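Remarks on the structure that follows.
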Amino acid sequence: MAGQLSIAKALNEALRKSLENDPKTLLMGEDIGKLGGVFRITDGLQKDFGEDRVIDTPLAESGIVGTAIGLALRGYRPVVEIQFDGFVYPAFDQIVSQLAKMHARALGHVKMPVTVRIPFAGGIGAVEHHSESHEAYFAHTAGLRVVTPSNAHDAHWMLRQAIASDDPVIFLEPKRRYWDKGEVGDSADLGLHSARVVRPGADATLIAYGPMVKVCQEAAAAAEEDGRRLEVVDLRSISPIDFATVEESVKRTGRAIVVHEAPVFMGLGSELAARITERCFYHLEAPVLRVGGYHAPYPPSRVEESYLPDLDRVLDAVDRALAF
Amino acid sequence: MAGQLSIAKALNEALRKSLENDPKTLLMGEDIGKLGGVFRITDGLQKDFGEDRVIDTPLAESGIVGTAIGLALRGYRPVVEIQFDGFVYPAFDQIVSQLAKMHARALGHVKMPVTVRIPFAGGIGAVEHHSESHEAYFAHTAGLRVVTPSNAHDAHWMLRQAIASDDPVIFLEPKRRYWDKGEVGDSADLGLHSARVVRPGADATLIAYGPMVKVCQEAAAAAEEDGRRLEVVDLRSISPIDFATVEESVKRTGRAIVVHEAPVFMGLGSELAARITERCFYHLEAPVLRVGGYHAPYPPSRVEESYLPDLDRVLDAVDRALAF
Amino acid sequence: MTVKSTTRARKKAAPAVPDTLPPVLSEAQSSESQPDAQPELIQLLTPEGIRVEHPDFPLTTTPEELRSLYRDLVLVRRFDAEATSLQRQGELGLWASLLGQEAAQVGSGRAMRTGDYAFPTYREHGVAWCRDVDPLNLLGMFRGVNHGGWDPNEKNFHLYTIVIGAQTLHATGYAMGITKDSADDAVIAYFGDGASSQGDVSEAFTFASVYNAPVVFFCQNNQWAISEPTTNQTRIPLYRRASGFGFPGVRVDGNDVLACLAVTRWALDHARSGNGPVLVEAFTYRMGAHTTSDDPTRYRATEETESWKVKDPISRLKAYLEHEGLADEAFFAELEAESEQLGLRVREGVRNMPDPDPTLIFDHVYAEPHTLVDEERAEYEAYAASFEGGENH
Amino acid sequence: MTVKSTTRARKKAAPAVPDTLPPVLSEAQSSESQPDAQPELIQLLTPEGIRVEHPDFPLTTTPEELRSLYRDLVLVRRFDAEATSLQRQGELGLWASLLGQEAAQVGSGRAMRTGDYAFPTYREHGVAWCRDVDPLNLLGMFRGVNHGGWDPNEKNFHLYTIVIGAQTLHATGYAMGITKDSADDAVIAYFGDGASSQGDVSEAFTFASVYNAPVVFFCQNNQWAISEPTTNQTRIPLYRRASGFGFPGVRVDGNDVLACLAVTRWALDHARSGNGPVLVEAFTYRMGAHTTSDDPTRYRATEETESWKVKDPISRLKAYLEHEGLADEAFFAELEAESEQLGLRVREGVRNMPDPDPTLIFDHVYAEPHTLVDEERAEYEAYAASFEGGENH
Ligand SMILES: Cc1ncc(C[n+]2csc(CCOP(=O)(O)OP(=O)(O)O)c2C)c(N)n1
Ligand SMILES: Cc1ncc(C[n+]2csc(CCOP(=O)(O)OP(=O)(O)O)c2C)c(N)n1
Ligand SMILES: [Mg+2]
Ligand SMILES: [Mg+2]
């Protein structure tokens, strides 16, 4: 992987490599063929691997995931693209009742190596259903693995690891970061489910994933000007969560703020806050604070800036945490 | 409501009263007509109110909820029965993307007075998909209200309040308590979204809802023998949560244990723990502990007793909380 | 000029019924397998602007009505073009153009009675026009100031639905309500060729059929679902889907406003008279991109698009009006002026559309009070106020 | 004895196509609206046990084959009866009886080749039998010791699926894989009349049709979906659903094992030969309750059930074997003994089925290691161990 790649391109290369390395790998989804997907993540792949391996499907998400399950039973390794976050719900039953549970139902006799790629979250000025963060639904569902990269390197390697996994993986792509560029290394330096401290600090820990990692990094940089050293943890994996890394950090800093776009109520932040408090009770100087979306449908794009956590809201939470 | 009624009968009476009081109220679902539903909650209602108001639908949950939305748009007040918890997922898109969001999408011009009744949770020795606790999915979804009664009185009055509500309500019926009897009072003594302290205590607060309230009450009774006075809060409403009542209790007791059947990871307990810690940080003697299901598909019935929180697991958590 | 129609549908590459079929099946399947066995495409006005009769769908129109339909087509196209250019100017975030589908929408829209109800997708700007919905209302969601937000009951035109197919169930439920009310209204559910694959649409067919609901399923088969041709959704013509659910399906020339009017009028009357649902497949073409975000050069040949230009819905009606002397130059000139006016009004209306206050986020989550929303609103307001005093970080 | 079939389907109360249909539609709809226009119900053996020929579905059988089919029917029924009584004795939590549907299941099951694959609902015990799945395997989920748990690839018999219709998509995906492998296997997807309303089933029809997948959709229309008659799901015969999706549908007498065998064999060959999917509707009857939890007296008349008794799938084959002298008393006696043996084996097998260790909960959540599951398992084990030392609360 020479030089700087956008996240989009890093994903495209990951799909290409996976198709090259394993003839059983298939891509399925709406408009992923000639169009290359609405975000061009599958650009050029149908041309190179054929319609048999890069499959434009009928417009039916339950059908896509359901037939992917059948293909997996036949020994294939399907990688499904859901066009936008808001369109995965018609497939919810197939994901939650079938994909997630098949391995257990079969007492381990069958495996479900299906990756479901979903461009998720907001910030792109889109119409309804195109900006949702629904990771909490999937994280609560046993049998699924849920991950999301925040940079090109992770995008590439985590997608390859997800496809190679024998378990179903919900792979959430932070769509507003698709065009962010970064160096993609020659190998995966971490396991699929490890968190990464992306900025060291001592005063408080910012915990984020996917699109919010960048916001937290910016917030940490801004805080530094005020003499506050914020550590930033990129979770990378939402289910399972690498609590060892999180715990180690929070025990050092004594304060944690979780940041995500999804509504705070019942969001990932609640699990992190609950478990961090359990594990670090005597180390916490302040309650774990949460910055996230409101308990409301994702709003029209002209007000999404007010809905989405940004640098100011993160720093406001830092202020509150430090004031305890 | 003279005398003791089972929860099942209290619900049946609530439906009857709602049908009597408002000609726009309709019941829809699978097998709710002649059969009276698999749990007989609609017993006798089709006979008395006709096939036009108590409607046996085709076997298609998305269709049921989707047409209920259309009926609501036409001025009706549909009450939908989903036969079992595990069968609501085919309707997930209609619930999450349509029912929950229609009012906001219309800037308030339309209302969605649709009640979705779901017999939920486990403990009845059933086969797969018949014992699930999926309240977290619905609670995380803005636009829905989510409630669950734990006794006959609440079952009756909360269902009537839910049906009267102009917002969509997910009404979760603790199926293993259907045959528990209790006095049903002459009027609703609480709003739909108020919690209730069902047993006062000073040493720790047990927080539960639906089927787990009884378990917590039993645990509290057992603990009393050891001289421990446990307060039990029946949340009744899962979304929104009556945090005022919770907060008041935990500030008094200094310790809280949340109990639910759903998997702990990303379950209601995480939100309660996170928010209680935020609100009661300096009052907490111990982290909020959680007792619930494991991160696994609901298991075969012969081992469900090991999956479900019971008196011993609750008391074990109380021990741990008190040991802090 | 009026001649007998001999039009046939463009043959799709549906697999022929294979030889291995036993005779009893070949027979049973015959109407499905041999598209030429009967007239598929109902047409009343040829692409050349020649009026033809169809024995089953007689239509009498006054010159005034014809001019009025023409006016609708022209103004709807004008509005659509204006919206496309407003998107290019950055005034809208996105636009889903109806270019090429004006006749399907105006024909079906004008077939409706006042009490009838339409459930659109996100592309039915022409139907909205016929329902007298202010065009500016449609632009709110594309500008990003709301998700629709008009009162659907004001004009019996439901909010745009983006999740493919979901609205067909709402339409069916609404139609079930009409039956319960013993009203003689009917409903149209719009959807696309791509949408036909969604489970919700089939479930809507089932509910409508079982409850005999007065709903017309109006499928605009514009040949494409973003980049996927209709052959990705079905191997036989779509109108035949209905027969599998026990109700009639017809294919109409979707670029022929008169045929769309006549067929939809019949279908609505069929439905409102207690005969249950009908599927109308309007065979048309999406002349533009899927939306302003799309790039159709990646997946379809320009020749295909060119070949549909000669079937343009507006020019054929214009040719007819001119040949038959049903409209004079003054009419066309006035319409041109009205069209400019409309463009201007839309342009100015959009530019003056205020951004909503951010507290809109909290306004309509619930119809009744909700403690969590109230708290979050209060937090938000306090937080926002902390900036107003100039106390930024 | 062999005569020409004149059998017709029991007429369902489907609404006639209304008068308002324009001629072109009445014509197009004719095959849907006039069930008598052609033979609907394919039958090779009458309820009286008389062998009839169907021109499209010739079947030659040796006496041995016939006896073998009879044996299947009897043993499957016996197994089913045993399971029902084991449920009554508290050994099973639930049982879904196939009583009355033995012919549909054995006929279709025996039509499969070894390489073919079946995707059952929760009632296909007879198909499992034909696939050589140990009957005890089927009882695990009904006893509550697992959710199925057999290896589906061992006998090409997928796990039971309880969520209605979901397995039709798995079957279709599997069949798409067969095509990719250029194999000449085929798949059967079982589902019920009630399931036909689920969006997933229609989506499976679409995928199968578009990809020309080698899958036979085998609908056992047993007239009931728990308490709902088939008229709650459709107003025309179910086999016609297929025509709306562009592939053939046939209705076979589901109580006639020979017809089910012949039709399914044809359908599988049709599918495996690259001709795409087929829908087979096996017209049969659920003689018992939906499951042991159900009480059919609440919703259906005993006369109806009685009227189906005379169509019993086993007695008609027995009558044929006897009339034609194809089986002697020794055969029936041996079978009776074998049947008793089976009952005994099942009874003992179930009673000796051990309860799983509770840590089963954690065993197969994921195929690869998972920190949260590992932690919870460790917590559970520590907690459980605290009791073993006798330290209870
Ligand atoms: C459930 C769902 N999946 C995917 C999408 C994304 N999407 C929007 S429009 C579209 C194509 C729709 O095609 P068609 O139904 O033919 O309507 P048309 O756009 O041609 O009018 C797709 C895939 C969506 N809106 N909803
Ligand atoms: C999605 C879903 N909804 C509801 C149920 C509950 N349920 C189990 S069997 C059944 C009836 C199925 O009828 P049919 O498809 O005709 O099959 P049969 O039981 O008659 O074999 C219902 C409603 C379910 N299992 N799955
Ligand atoms: Mg289209
Ligand atoms: Mg049935």
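Residue numbers start at 1 in each chain; chains themselves are named A, B, ... in the order of the structure tokens; ligands are numbered from 1 in the order shown.
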
Enumerate as JSON, numbers by chain the residues within 6 Å of ligand 4, counting only C-alpha atoms and all ligand atoms. {"D": [192, 193, 194, 221, 222, 223, 224, 225]}

Include C-alpha atoms and write out the residues we just selected as a PDB file, in the first residue's frame.
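The result, written out as selection09.pdb:
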ATOM      1  CA  GLY D 192     -46.537 -22.904   4.862  1.00  0.00           C
ATOM      2  CA  ASP D 193     -49.614 -21.166   3.540  1.00  0.00           C
ATOM      3  CA  GLY D 194     -49.317 -18.587   6.285  1.00  0.00           C
ATOM      4  CA  ASN D 221     -50.907 -25.502   2.177  1.00  0.00           C
ATOM      5  CA  ASN D 222     -52.390 -27.286   5.138  1.00  0.00           C
ATOM      6  CA  GLN D 223     -55.303 -24.824   5.103  1.00  0.00           C
ATOM      7  CA  TRP D 224     -54.382 -23.233   8.404  1.00  0.00           C
ATOM      8  CA  ALA D 225     -51.812 -20.906   9.891  1.00  0.00           C
TER       9      ALA D 225
END

Using only C-alpha atoms and a cut-off of 7 Å, which residues of chain A sit close to chain C? Please list them as a PyMOL selection string.
chain A and resi 31+34-35+57-60+87+125-128+294-296+299-303+306+312

Counting only C-alpha atoms, which residues of chain A fall within 9 Å of chain B, and what is the closest atom pair for each with its distance in Å at one decimal, ordered by chain and rising number, as a tab-separated table?
residue	atom	partner	partner_atom	distance
A:Ser62	CA	B:Pro90	CA	8.9
A:Gly86	CA	B:Ser97	CA	7.7
A:Phe87	CA	B:Asp93	CA	8.2
A:Val88	CA	B:Asp93	CA	8.1
A:Tyr89	CA	B:Asp93	CA	4.6
A:Pro90	CA	B:Asp93	CA	5.2
A:Ala91	CA	B:Pro90	CA	7.7
A:Phe92	CA	B:Tyr89	CA	6.0
A:Asp93	CA	B:Tyr89	CA	4.6
A:Gln94	CA	B:Pro90	CA	8.2
A:Val96	CA	B:Tyr89	CA	7.8
A:Ser97	CA	B:Gly86	CA	7.6
A:Ala100	CA	B:Pro297	CA	8.3
A:Lys101	CA	B:Pro297	CA	6.5
A:Ala104	CA	B:Pro297	CA	7.5
A:Arg105	CA	B:Pro297	CA	8.8
A:Glu128	CA	B:Arg105	CA	9.0
A:His129	CA	B:Ser97	CA	7.9
A:Ala136	CA	B:Met266	CA	7.1
A:Tyr137	CA	B:Tyr137	CA	5.7
A:Ala139	CA	B:Met266	CA	7.0
A:His140	CA	B:Met266	CA	5.2
A:Thr141	CA	B:His295	CA	7.7
A:Ala142	CA	B:Ala296	CA	4.9
A:Gly143	CA	B:Ala296	CA	6.8
A:Pro263	CA	B:His140	CA	7.4
A:Val264	CA	B:His140	CA	8.5
A:Phe265	CA	B:His140	CA	6.1
A:Met266	CA	B:His140	CA	5.2
A:Gly267	CA	B:His140	CA	7.0
A:Leu268	CA	B:Met266	CA	6.9
A:Gly269	CA	B:Ala274	CA	8.1
A:Ser270	CA	B:Glu271	CA	4.8
A:Glu271	CA	B:Ser270	CA	4.8
A:Leu272	CA	B:Ser270	CA	8.0
A:Ala273	CA	B:Ala274	CA	5.2
A:Ala274	CA	B:Ala274	CA	5.2
A:Arg275	CA	B:Ser270	CA	7.9
A:Thr277	CA	B:Pro287	CA	6.0
A:Glu278	CA	B:Pro287	CA	5.3
A:Arg279	CA	B:Pro287	CA	8.6
A:Phe281	CA	B:Pro287	CA	6.3
A:Ala286	CA	B:Phe281	CA	7.4
A:Pro287	CA	B:Glu278	CA	5.3
A:Val288	CA	B:Glu278	CA	7.2
A:Leu289	CA	B:Glu278	CA	7.3
A:Arg290	CA	B:Ala274	CA	8.8
A:Tyr294	CA	B:Ala142	CA	8.6
A:His295	CA	B:Ala142	CA	5.2
A:Ala296	CA	B:Ala142	CA	4.9
A:Pro297	CA	B:Ala142	CA	6.0

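Residues of chain C having any atom within 6 Å of chain D, counting only C-alpha atoms, are Pro22, Asp56, Gly199, Asp200, Glu203, Val210, Thr234, Arg235, Ile236, Arg240, Arg241, Ser243, Gly244, Phe245 and Gly246 of chain C.
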
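Residues of region 221-361 of chain C that DSSP, applied to the backbone, places in strand (DSSP E): C:Asn221, C:Trp224, C:Ala225, C:Glu228, C:Pro229, C:Gly249, C:Val250, C:Arg251, C:Val252, C:Asp253, C:Val278, C:Leu279, C:Val280, C:Glu281, C:Ala282, C:Phe283.
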
Based on the selection just made, write N, CA and C atoms of those residues as a tab-separated table (two decimals), in the first residue's frame.
chain	number	residue	atom	x	y	z
C	221	ASN	N	-42.37	2.36	-13.80
C	221	ASN	CA	-41.20	1.61	-14.23
C	221	ASN	C	-40.41	2.53	-15.16
C	224	TRP	N	-34.96	2.03	-14.48
C	224	TRP	CA	-33.76	2.03	-13.67
C	224	TRP	C	-34.05	2.22	-12.19
C	225	ALA	N	-33.30	1.53	-11.37
C	225	ALA	CA	-33.27	1.78	-9.93
C	225	ALA	C	-31.81	2.19	-9.68
C	228	GLU	N	-29.34	0.08	-11.56
C	228	GLU	CA	-29.76	-1.28	-11.90
C	228	GLU	C	-30.95	-1.27	-12.85
C	229	PRO	N	-30.82	-1.96	-13.96
C	229	PRO	CA	-31.95	-2.04	-14.88
C	229	PRO	C	-33.05	-2.93	-14.30
C	249	GLY	N	-53.55	-6.38	-13.18
C	249	GLY	CA	-52.41	-5.52	-13.45
C	249	GLY	C	-52.45	-5.09	-14.91
C	250	VAL	N	-52.10	-3.86	-15.16
C	250	VAL	CA	-52.06	-3.37	-16.55
C	250	VAL	C	-50.78	-2.58	-16.76
C	251	ARG	N	-50.35	-2.59	-18.01
C	251	ARG	CA	-49.20	-1.77	-18.35
C	251	ARG	C	-49.68	-0.65	-19.28
C	252	VAL	N	-49.34	0.56	-18.88
C	252	VAL	CA	-49.77	1.70	-19.67
C	252	VAL	C	-48.52	2.45	-20.14
C	253	ASP	N	-48.64	3.08	-21.28
C	253	ASP	CA	-47.55	3.92	-21.77
C	253	ASP	C	-47.41	5.10	-20.81
C	278	VAL	N	-55.67	-2.63	-7.76
C	278	VAL	CA	-55.22	-2.76	-9.14
C	278	VAL	C	-53.75	-2.35	-9.15
C	279	LEU	N	-52.98	-3.01	-9.98
C	279	LEU	CA	-51.60	-2.58	-10.21
C	279	LEU	C	-51.52	-1.94	-11.59
C	280	VAL	N	-51.06	-0.71	-11.63
C	280	VAL	CA	-50.80	-0.04	-12.90
C	280	VAL	C	-49.29	0.11	-13.04
C	281	GLU	N	-48.75	-0.43	-14.10
C	281	GLU	CA	-47.33	-0.22	-14.40
C	281	GLU	C	-47.24	0.84	-15.49
C	282	ALA	N	-46.72	1.97	-15.13
C	282	ALA	CA	-46.53	3.03	-16.14
C	282	ALA	C	-45.14	2.86	-16.71
C	283	PHE	N	-45.11	2.48	-17.97
C	283	PHE	CA	-43.83	2.16	-18.62
C	283	PHE	C	-43.23	3.46	-19.11

Of D:Arg71, D:His170, D:Arg77, D:Arg286, the one sitting nearest ligand 2 when using only C-alpha atoms and all ligand atoms is D:Arg286

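Using only C-alpha atoms, the protein and nucleic acid residues lying no more than 7 Å from Ser150 (chain A), apart from those fewer than 2 places from it along its own chain, are Thr148, Asp154, Tyr209, Gly210, Pro211 and Val213 of chain A.
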
Given the selection you just returned, output its residues as a file containing N, CA and C atoms, formatted as a compact mmCIF listing (two decimals), in the first residue's frame.
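Saved the output as selection.txt:
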# COMPACT_ATOMS: atom_id res chain seq x y z
N THR A 148 -15.60 -0.35 13.65
CA THR A 148 -15.60 0.82 12.77
C THR A 148 -14.22 1.48 12.81
N ASP A 154 -6.59 1.59 9.32
CA ASP A 154 -7.54 0.68 9.96
C ASP A 154 -8.65 0.26 9.01
N TYR A 209 -14.97 6.54 18.54
CA TYR A 209 -14.78 5.55 17.47
C TYR A 209 -15.32 6.13 16.17
N GLY A 210 -14.84 5.59 15.08
CA GLY A 210 -15.33 6.01 13.77
C GLY A 210 -15.18 7.50 13.58
N PRO A 211 -16.27 8.18 13.17
CA PRO A 211 -16.14 9.58 12.76
C PRO A 211 -15.77 10.53 13.90
N VAL A 213 -13.52 10.14 16.24
CA VAL A 213 -12.12 10.11 16.69
C VAL A 213 -11.44 11.40 16.28

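Remark: for ligand 3, the closest of the candidate residues C:Arg123, C:Arg78, C:His370, C:Arg351 is C:Arg123 (distances computed over only C-alpha atoms and all ligand atoms).
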
For Thr62 (chain D): contacts at 12 Å, only C-alpha atoms, fewer than 5 positions along chain excluded, given as a PyMOL selection string
chain D and resi 67-69+258+321+326-327

I need the residues from that last selection saved to file as a PDB file, in the first residue's frame (with N, CA and C atoms), if you can.
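The resulting file, again-v8.pdb, is reproduced below:
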ATOM      1  N   ARG D  67     -43.801 -49.997  -1.604  1.00  0.00           N
ATOM      2  CA  ARG D  67     -43.773 -50.443  -0.221  1.00  0.00           C
ATOM      3  C   ARG D  67     -42.855 -49.562   0.617  1.00  0.00           C
ATOM      4  N   SER D  68     -41.778 -49.150  -0.011  1.00  0.00           N
ATOM      5  CA  SER D  68     -40.825 -48.305   0.715  1.00  0.00           C
ATOM      6  C   SER D  68     -41.473 -46.953   1.068  1.00  0.00           C
ATOM      7  N   LEU D  69     -42.213 -46.415   0.131  1.00  0.00           N
ATOM      8  CA  LEU D  69     -42.918 -45.158   0.415  1.00  0.00           C
ATOM      9  C   LEU D  69     -43.933 -45.363   1.537  1.00  0.00           C
ATOM     10  N   LEU D 258     -47.627 -40.267  -4.314  1.00  0.00           N
ATOM     11  CA  LEU D 258     -47.082 -40.507  -5.651  1.00  0.00           C
ATOM     12  C   LEU D 258     -47.045 -39.202  -6.453  1.00  0.00           C
ATOM     13  N   LEU D 321     -51.991 -50.693  -2.346  1.00  0.00           N
ATOM     14  CA  LEU D 321     -51.111 -51.855  -2.179  1.00  0.00           C
ATOM     15  C   LEU D 321     -51.924 -53.136  -2.018  1.00  0.00           C
ATOM     16  N   LEU D 326     -49.740 -55.731  -3.859  1.00  0.00           N
ATOM     17  CA  LEU D 326     -48.332 -55.338  -3.912  1.00  0.00           C
ATOM     18  C   LEU D 326     -47.618 -55.557  -2.575  1.00  0.00           C
ATOM     19  N   ALA D 327     -48.390 -55.841  -1.577  1.00  0.00           N
ATOM     20  CA  ALA D 327     -47.762 -56.090  -0.266  1.00  0.00           C
ATOM     21  C   ALA D 327     -48.585 -57.159   0.449  1.00  0.00           C
TER      22      ALA D 327
END

| When DSSP works through the backbone of this structure, what residues of region 56-260 of chain A end up as alpha helix (DSSP H), shown as number ranges by chain? | A: 61-73, 92-93, 102-105, 135-139, 152-164, 212-225, 243-253

Writing out the chosen residues with C-alpha atoms as a short mmCIF file (atom, residue, chain, number, x, y, z; two decimals), in the first residue's frame:
data_model
loop_
_atom_site.label_atom_id
_atom_site.label_comp_id
_atom_site.auth_asym_id
_atom_site.auth_seq_id
_atom_site.Cartn_x
_atom_site.Cartn_y
_atom_site.Cartn_z
CA GLU A 61 -32.14 -5.72 2.02
CA SER A 62 -33.70 -8.70 3.79
CA GLY A 63 -33.17 -10.63 0.58
CA ILE A 64 -29.56 -9.56 0.37
CA VAL A 65 -28.66 -10.63 3.89
CA GLY A 66 -30.87 -13.72 3.72
CA THR A 67 -29.30 -14.99 0.52
CA ALA A 68 -25.84 -14.10 1.86
CA ILE A 69 -26.58 -16.45 4.75
CA GLY A 70 -27.50 -19.17 2.27
CA LEU A 71 -24.31 -18.55 0.30
CA ALA A 72 -22.32 -18.77 3.52
CA LEU A 73 -23.97 -22.12 4.22
CA PHE A 92 -32.98 -6.53 10.77
CA ASP A 93 -34.67 -9.87 11.25
CA MET A 102 -27.05 -19.47 13.25
CA HIS A 103 -23.73 -20.57 14.71
CA ALA A 104 -25.24 -21.08 18.15
CA ARG A 105 -28.35 -22.69 16.72
CA GLU A 135 -24.33 0.72 16.33
CA ALA A 136 -26.13 0.25 19.65
CA TYR A 137 -28.68 -2.12 18.09
CA PHE A 138 -25.95 -4.32 16.72
CA ALA A 139 -23.70 -4.12 19.75
CA ALA A 152 -7.30 4.67 6.19
CA HIS A 153 -4.92 2.15 7.69
CA ASP A 154 -7.54 0.68 9.96
CA ALA A 155 -10.16 0.85 7.24
CA HIS A 156 -8.01 -1.34 5.05
CA TRP A 157 -6.79 -3.86 7.55
CA MET A 158 -9.88 -4.08 9.68
CA LEU A 159 -11.99 -4.79 6.61
CA ARG A 160 -9.62 -7.56 5.59
CA GLN A 161 -9.73 -8.98 9.09
CA ALA A 162 -13.52 -8.72 9.17
CA ILE A 163 -13.85 -10.59 5.91
CA ALA A 164 -11.42 -13.23 7.13
CA MET A 212 -15.77 11.06 16.24
CA VAL A 213 -12.12 10.11 16.69
CA LYS A 214 -11.06 13.05 14.56
CA VAL A 215 -13.27 15.41 16.54
CA CYS A 216 -11.72 14.18 19.76
CA GLN A 217 -8.22 14.54 18.38
CA GLU A 218 -8.99 18.11 17.42
CA ALA A 219 -10.50 18.75 20.83
CA ALA A 220 -7.40 17.35 22.49
CA ALA A 221 -5.18 19.57 20.36
CA ALA A 222 -7.27 22.61 21.26
CA ALA A 223 -7.22 21.67 24.95
CA GLU A 224 -3.48 21.42 24.88
CA GLU A 225 -3.36 25.14 24.18
CA PHE A 243 -12.01 -2.65 28.05
CA ALA A 244 -8.45 -3.48 29.09
CA THR A 245 -7.12 -0.54 27.11
CA VAL A 246 -9.94 1.72 28.26
CA GLU A 247 -9.50 0.76 31.89
CA GLU A 248 -5.77 1.26 31.81
CA SER A 249 -6.24 4.75 30.43
CA VAL A 250 -9.01 5.87 32.76
CA LYS A 251 -7.19 4.58 35.81
CA ARG A 252 -4.36 6.89 34.84
CA THR A 253 -6.46 9.95 34.02
#

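Here the question is which of B:Gln83, B:Thr42, B:Asn12, B:Asn21 gets nearest to ligand 2 using only C-alpha atoms and all ligand atoms, and that residue is B:Gln83.
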
Tell me, as an MDAnalysis selection string, which residues lie within 12 Å of Leu138 (chain D), counting only C-alpha atoms; anything in the same chain fewer than 6 positions away does not count. chainID D and resid 79:80 83 92 94:96 120:129 132 144:152 157:161 346 349:350

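CA of Phe39 (chain B) to CA of Asp189 (chain B) spans 26.9 Å [interatomic distance, one decimal].
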
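Every protein, DNA or RNA residue with an atom at most 6 Å from Tyr174 (chain D), where only C-alpha atoms count and chain neighbours fewer than 2 positions away do not, is listed here: Gly70, Leu71 and Arg74 of chain A; Ala171, Thr172, Met176 and Gly177 of chain D.
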
Those same residues, written as a compact mmCIF listing (two decimals), in the first residue's frame with all heavy atoms?
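Below is the file selection36.txt, written as the result:
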# COMPACT_ATOMS: atom_id res chain seq x y z
N GLY A 70 -27.44 -17.92 3.05
CA GLY A 70 -27.50 -19.17 2.27
C GLY A 70 -26.19 -19.44 1.54
O GLY A 70 -25.70 -20.58 1.49
N LEU A 71 -25.60 -18.39 0.98
CA LEU A 71 -24.31 -18.55 0.30
C LEU A 71 -23.23 -18.96 1.30
O LEU A 71 -22.37 -19.78 0.99
CB LEU A 71 -23.94 -17.25 -0.41
CG LEU A 71 -24.67 -17.04 -1.74
CD1 LEU A 71 -24.74 -15.57 -2.14
CD2 LEU A 71 -24.00 -17.86 -2.86
N ARG A 74 -23.33 -22.49 1.93
CA ARG A 74 -22.78 -23.24 0.80
C ARG A 74 -21.26 -23.09 0.73
O ARG A 74 -20.61 -23.61 -0.18
CB ARG A 74 -23.44 -22.74 -0.48
CG ARG A 74 -22.98 -23.37 -1.80
CD ARG A 74 -23.63 -24.75 -2.10
NE ARG A 74 -23.00 -25.41 -3.22
CZ ARG A 74 -23.32 -26.64 -3.65
NH1 ARG A 74 -24.29 -27.32 -3.07
NH2 ARG A 74 -22.69 -27.18 -4.66
N ALA D 171 -32.40 -20.70 1.53
CA ALA D 171 -32.46 -21.71 0.47
C ALA D 171 -32.09 -21.10 -0.88
O ALA D 171 -31.33 -21.69 -1.66
CB ALA D 171 -33.88 -22.30 0.41
N THR D 172 -32.59 -19.91 -1.12
CA THR D 172 -32.30 -19.26 -2.40
C THR D 172 -30.82 -18.91 -2.51
O THR D 172 -30.19 -19.10 -3.55
CB THR D 172 -33.18 -18.00 -2.54
OG1 THR D 172 -34.55 -18.41 -2.46
CG2 THR D 172 -32.94 -17.30 -3.86
N MET D 176 -28.17 -20.20 -5.18
CA MET D 176 -27.30 -19.32 -5.97
C MET D 176 -25.86 -19.84 -5.91
O MET D 176 -25.12 -19.79 -6.90
CB MET D 176 -27.37 -17.89 -5.43
CG MET D 176 -28.69 -17.18 -5.74
SD MET D 176 -29.01 -15.70 -4.68
CE MET D 176 -27.59 -14.67 -5.06
N GLY D 177 -25.48 -20.37 -4.76
CA GLY D 177 -24.15 -20.94 -4.61
C GLY D 177 -23.97 -22.18 -5.48
O GLY D 177 -22.91 -22.38 -6.07

### Task
Write out as a PyMOL selection string the residues lying within 10 Å of Arg265 (chain D), counting only C-alpha atoms and excluding same-chain residues fewer than 2 positions away.
chain D and resi 57+59+107-113+216+259-263+267-271
